[in-house]
Structures are given as structure tokens and as C-alpha cells.
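Everything on this sheet refers to the single structure shown next.
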Amino acid sequence: MIVKSGCLTGVRKIEIRQRELFLSDDEILVKTHAAGICGQDKNLYNGIIPPSGGLNTEMKRTFDYPYFYGHEAGGIVVEAGKNVRKYKPGDKVIAFAWVETYSDYFKATEDELEPAPEGLNMDLVSLGEPIGCALFSGLCSKIQLGDSVAVIGMGFAGQIIAQVACKKGAHQVIGVDVVERKLELARSLGLSHGINSSETDPLTAILDLTNGRGADVVVEVAGTGEALQLCNDAVKHNGVLVFYSWITQNIHINISRWHNNSLEVVNTGLVHHGVDQRHIWVPQALRPVLQGQIEIEPLITHSYSLDDIGQAMETADRDPSAVKVLLRP
């Protein structure tokens with residue numbers, strides 16, 4: 001069938017192209033309800049490519065132009081190949097792979113999808129992958145009742161992880177970002193302290209708020225080497241450093257504290273734990289959203305037609321107030 005898809009044609013150049021989509025016997029065709037723009041999508045838009053070029057990563061193929069992409073999306077199955085057993089037309093599904101979701105229809109294998117929980121509205125189904133990943137990180141971050149928690153980066157995932165920390169009984173949750181509007185949003189959702197690192201030294205502020213000890217748990221969600229070094233410096237002796245972001249460029253970090261201060265480093269990248277673990281964790285990770293314990297709708301700050309993908313990408317990349325931008329076919 002002929003579909004409309006977002007296609008990168010160069011650095012900061014993206015357009016809608018028509019192309020023909022062929023379905024194999026092992027694939028499922030999904031009508032896209034909406035697709036979200038991810039931080040890694042913005043990197044590719046800006047020409048920031050993993051050193052591997054995408055080879056041997058979840059990107060599935062080596063990056064080159066023209067490049068059809070997108071991986072956050074949800075929708076309804078319209079057709080299933082003859083070898084497909086888990087899904088049938090009419091099923092609501094979440095994409096969990098780089099299956100070119102900036103499109104009015106996309107195709108995926110069974111292992112590249114998750115069933116949508118019953119009762120979850122379709123906008124949240126469409127964000128099931130980033131919601132599930134962030135909830136998984138918060139749930140597995142070893143935050144305990146009474147802890148001081150610092151979340152470095154208050155984008156979509158950071159906002160969710162901060163909410164989880166509050167719900168798990170943290171004594172205080174400290175958010176760090178360079179955008180005051182994101183800190184204001186996080187405060188409205190329960191954040192104890194917002195530190196604008198463009199105005200205040202974040203390490204000094206975290207140490208002041210923790211009586212010089214450092215935070216019990218520090219979560220890296222900003223995706224930069226500087227943010228990871230801040231986590232490294234701001235966590236207390238015997239504390240937990242939670243690593244969330246996919247940092248694709250080589251960085252330098254002083255890890256002597258990992259040994260000298262007995263830090264526990266926890267990798268909470270759900271999609272990297274394998275498909276079997278993902279199948280187990282996604283329903284548990286999305287449960288607090290279904291129960292109304294975690295607020296997602298306030299984090300959807302912008303919505304665009306798929307035809308306006310250029311404007312949408314510019315907003316996601318350049319507008320400081322953008323937390324999650326949705327594309328709607």
C-alpha cells in the first residue's frame with residue numbers, strides 16, 4: 001500500500017514522502033494513532049549520529065539519507081501476516097522498536113509490539129514506549145521511603161521519574177534543568193525543589209539541600225556527559241547512580257568514586273534488557289498510569305499534523321517549553 005512517511009533528507013531537513021509498504025508473512029500492519037518525538041530522533045535530525053552509524057543498535061540499519069524513522073507510536077492493527085499469532089485486526093498496540101512510525105501506517109513484527117492495556121486512552125498508548133521506559137526506570141531505581149532523590153534533566157522521562165520518586169515516599173525530590181518552565185511544570189506535579197542550572201551551580205545546590213552528604217539516589221535523564229558527571233559528583237557515599245539516557249557519543253567521566261565511595265550504578269534502559277523482560281515489565285510499568293497515580297497528559301505540550309512534521313521537529317528541538325510533541329496522521 002502507499003503510505004505517507006516522515007523522511008530525513010539531510011541535517012535539519014525533513015519532509016513527507018509517499019512510499020510503498022509491503023507486508024511479509026511475519027509482519028503486522030498498524031494504522032498510526034499518533035507518534036511521539038524522542039530525544040534521539042532530535043539528535044538524528046541535527047546530524048548527531050551514533051559512532052556505529054546505527055549498526056548493531058536498536059536503529060536496525062546503518063544510518064544514511066534518505067532516512068525514514070520514528071519509534072514512539074501506537075495504533076490499531078489493520079492486517080496481520082499469515083505467520084502472526086499474537087495479534088489480529090482491531091487490536092490496539094504499542095510500538096517498541098525503530099519501525100518508522102512517523103507515518104500514517106507502519107509495519108512491525110510481533111516482538112516489536114506490545115499489546116495496549118485495556119482502558120488506556122490512545123494518546124497514552126501512542127506514548128506507551130517512553131512512558132513504560134520512564135516508569136520502569138523509576139520503579140527499578142531503588143528509591144526508598146525517606147530518600148533524597150535528584151533527577152538530572154526534566155524532560156518527558158525526567159518528569160515521570162520525579163513523579164515516581166514522590167509516590168515511592170522520597171523525603172525530597174530535586175529536579176535539575178536549564179529551562180524554568182519545565183521546572184515549574186515538575187513543581188506542579190510534586191517536585192520538592194527545582195534547580196535551574198543556567199542560574200545556579202547544581203552540585204552546590206544539591207549538597208546544600210542534603211546537608212553536604214549528597215543525594216541517596218541520583219537519576220541521569222539529560223543525555224550528556226556533563227549531566228552524568230554531575231550525577232557522579234552529587235550522589236552520596238554508598239548511594240545509587242541510576243543511568244537512563246542513551247548517550248551515543250563518547251564521553252569522559254571520572255569514575256574513581258564508583259570504587260572509592262562504593263557507588264551502586266543501575267542501568268534502567270528497559271528496551272536493552274531484551275524482549276522477554278520487556279513483555280514482563282511493560283504491563284507493570286503502565287499500571288500506575290492506568291490507576292491515575294502518574295500524570296502524563298500535562299507532559300504532552302504540543303501536537304501537530306503529520307504533514308507539519310518539519311514544524312513539529314523544530315518545536316521539539318528549539319522550543320524550551322516542549323516536553324513531549326505528538327504527531328497525528
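Chains: A, B, ... in order of the C-alpha cells. Residues: from 1 per chain. Ligands: from 1, in order shown.
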Mind checking which residues fall within 9 Å of A:Glu295, counting only C-alpha atoms, ignoring those fewer than 3 positions away in the same chain, and posting them as a ChimeraX atom specification? /A:160,163,189,289,292,298-299
May I ask for the distance between atom CA of A:Ser305 and atom CA of A:Gly75, given in Å to one decimal place? 15.5 Å
Sorted per-residue table, stretch 26-118 of chain A near stretch 5-16 of chain A, closest atoms and distance, 8 Å, only C-alpha atoms, as a Markdown table:
```
| residue | atom | partner | partner_atom | distance |
| --- | --- | --- | --- | --- |
| A:Leu44 | CA | A:Val11 | CA | 7.9 |
| A:Tyr45 | CA | A:Arg12 | CA | 5.2 |
| A:Asn46 | CA | A:Val11 | CA | 5.4 |
| A:Gly47 | CA | A:Val11 | CA | 5.1 |
| A:Tyr65 | CA | A:Thr9 | CA | 5.4 |
| A:Pro66 | CA | A:Thr9 | CA | 4.8 |
| A:Tyr67 | CA | A:Leu8 | CA | 5.0 |
| A:Phe68 | CA | A:Cys7 | CA | 4.5 |
| A:Tyr69 | CA | A:Cys7 | CA | 6.8 |
| A:Glu100 | CA | A:Ser5 | CA | 7.8 |
| A:Thr101 | CA | A:Ser5 | CA | 7.9 |
| A:Tyr102 | CA | A:Gly6 | CA | 5.2 |
| A:Ser103 | CA | A:Ser5 | CA | 4.1 |
| A:Asp104 | CA | A:Ser5 | CA | 6.8 |
```
Residues within 7 Å of A:Asp177, please, as an mmCIF file with C-alpha atoms, in the first residue's frame. Count only C-alpha atoms; anything in the same chain fewer than 5 positions from it doesn't count.
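So the final result, stored in around34.cif, reads:
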```cif
data_model
loop_
_atom_site.group_PDB
_atom_site.id
_atom_site.type_symbol
_atom_site.label_atom_id
_atom_site.label_comp_id
_atom_site.auth_asym_id
_atom_site.auth_seq_id
_atom_site.Cartn_x
_atom_site.Cartn_y
_atom_site.Cartn_z
ATOM 1 C CA ILE A 152 19.043 15.478 36.337
ATOM 2 C CA GLY A 153 17.009 16.508 33.287
ATOM 3 C CA MET A 154 13.303 17.390 33.450
ATOM 4 C CA LEU A 183 10.880 23.029 36.492
ATOM 5 C CA ILE A 195 17.281 23.914 40.362
ATOM 6 C CA ASN A 196 17.859 25.992 37.245
ATOM 7 C CA SER A 197 21.413 25.037 36.348
#
```
Which residues are near stretch 221-229 of chain A? Cut-off 6 Å, only C-alpha atoms, ignore same chain within fewer than 5 positions. Put them as a ChimeraX atom specification. /A:152-153,158,244-245,247,251,253
Could you tell me, as a count of residues only, which residues of stretch 133-235 of chain A DSSP assigns to strand (DSSP E) when given the backbone? 22
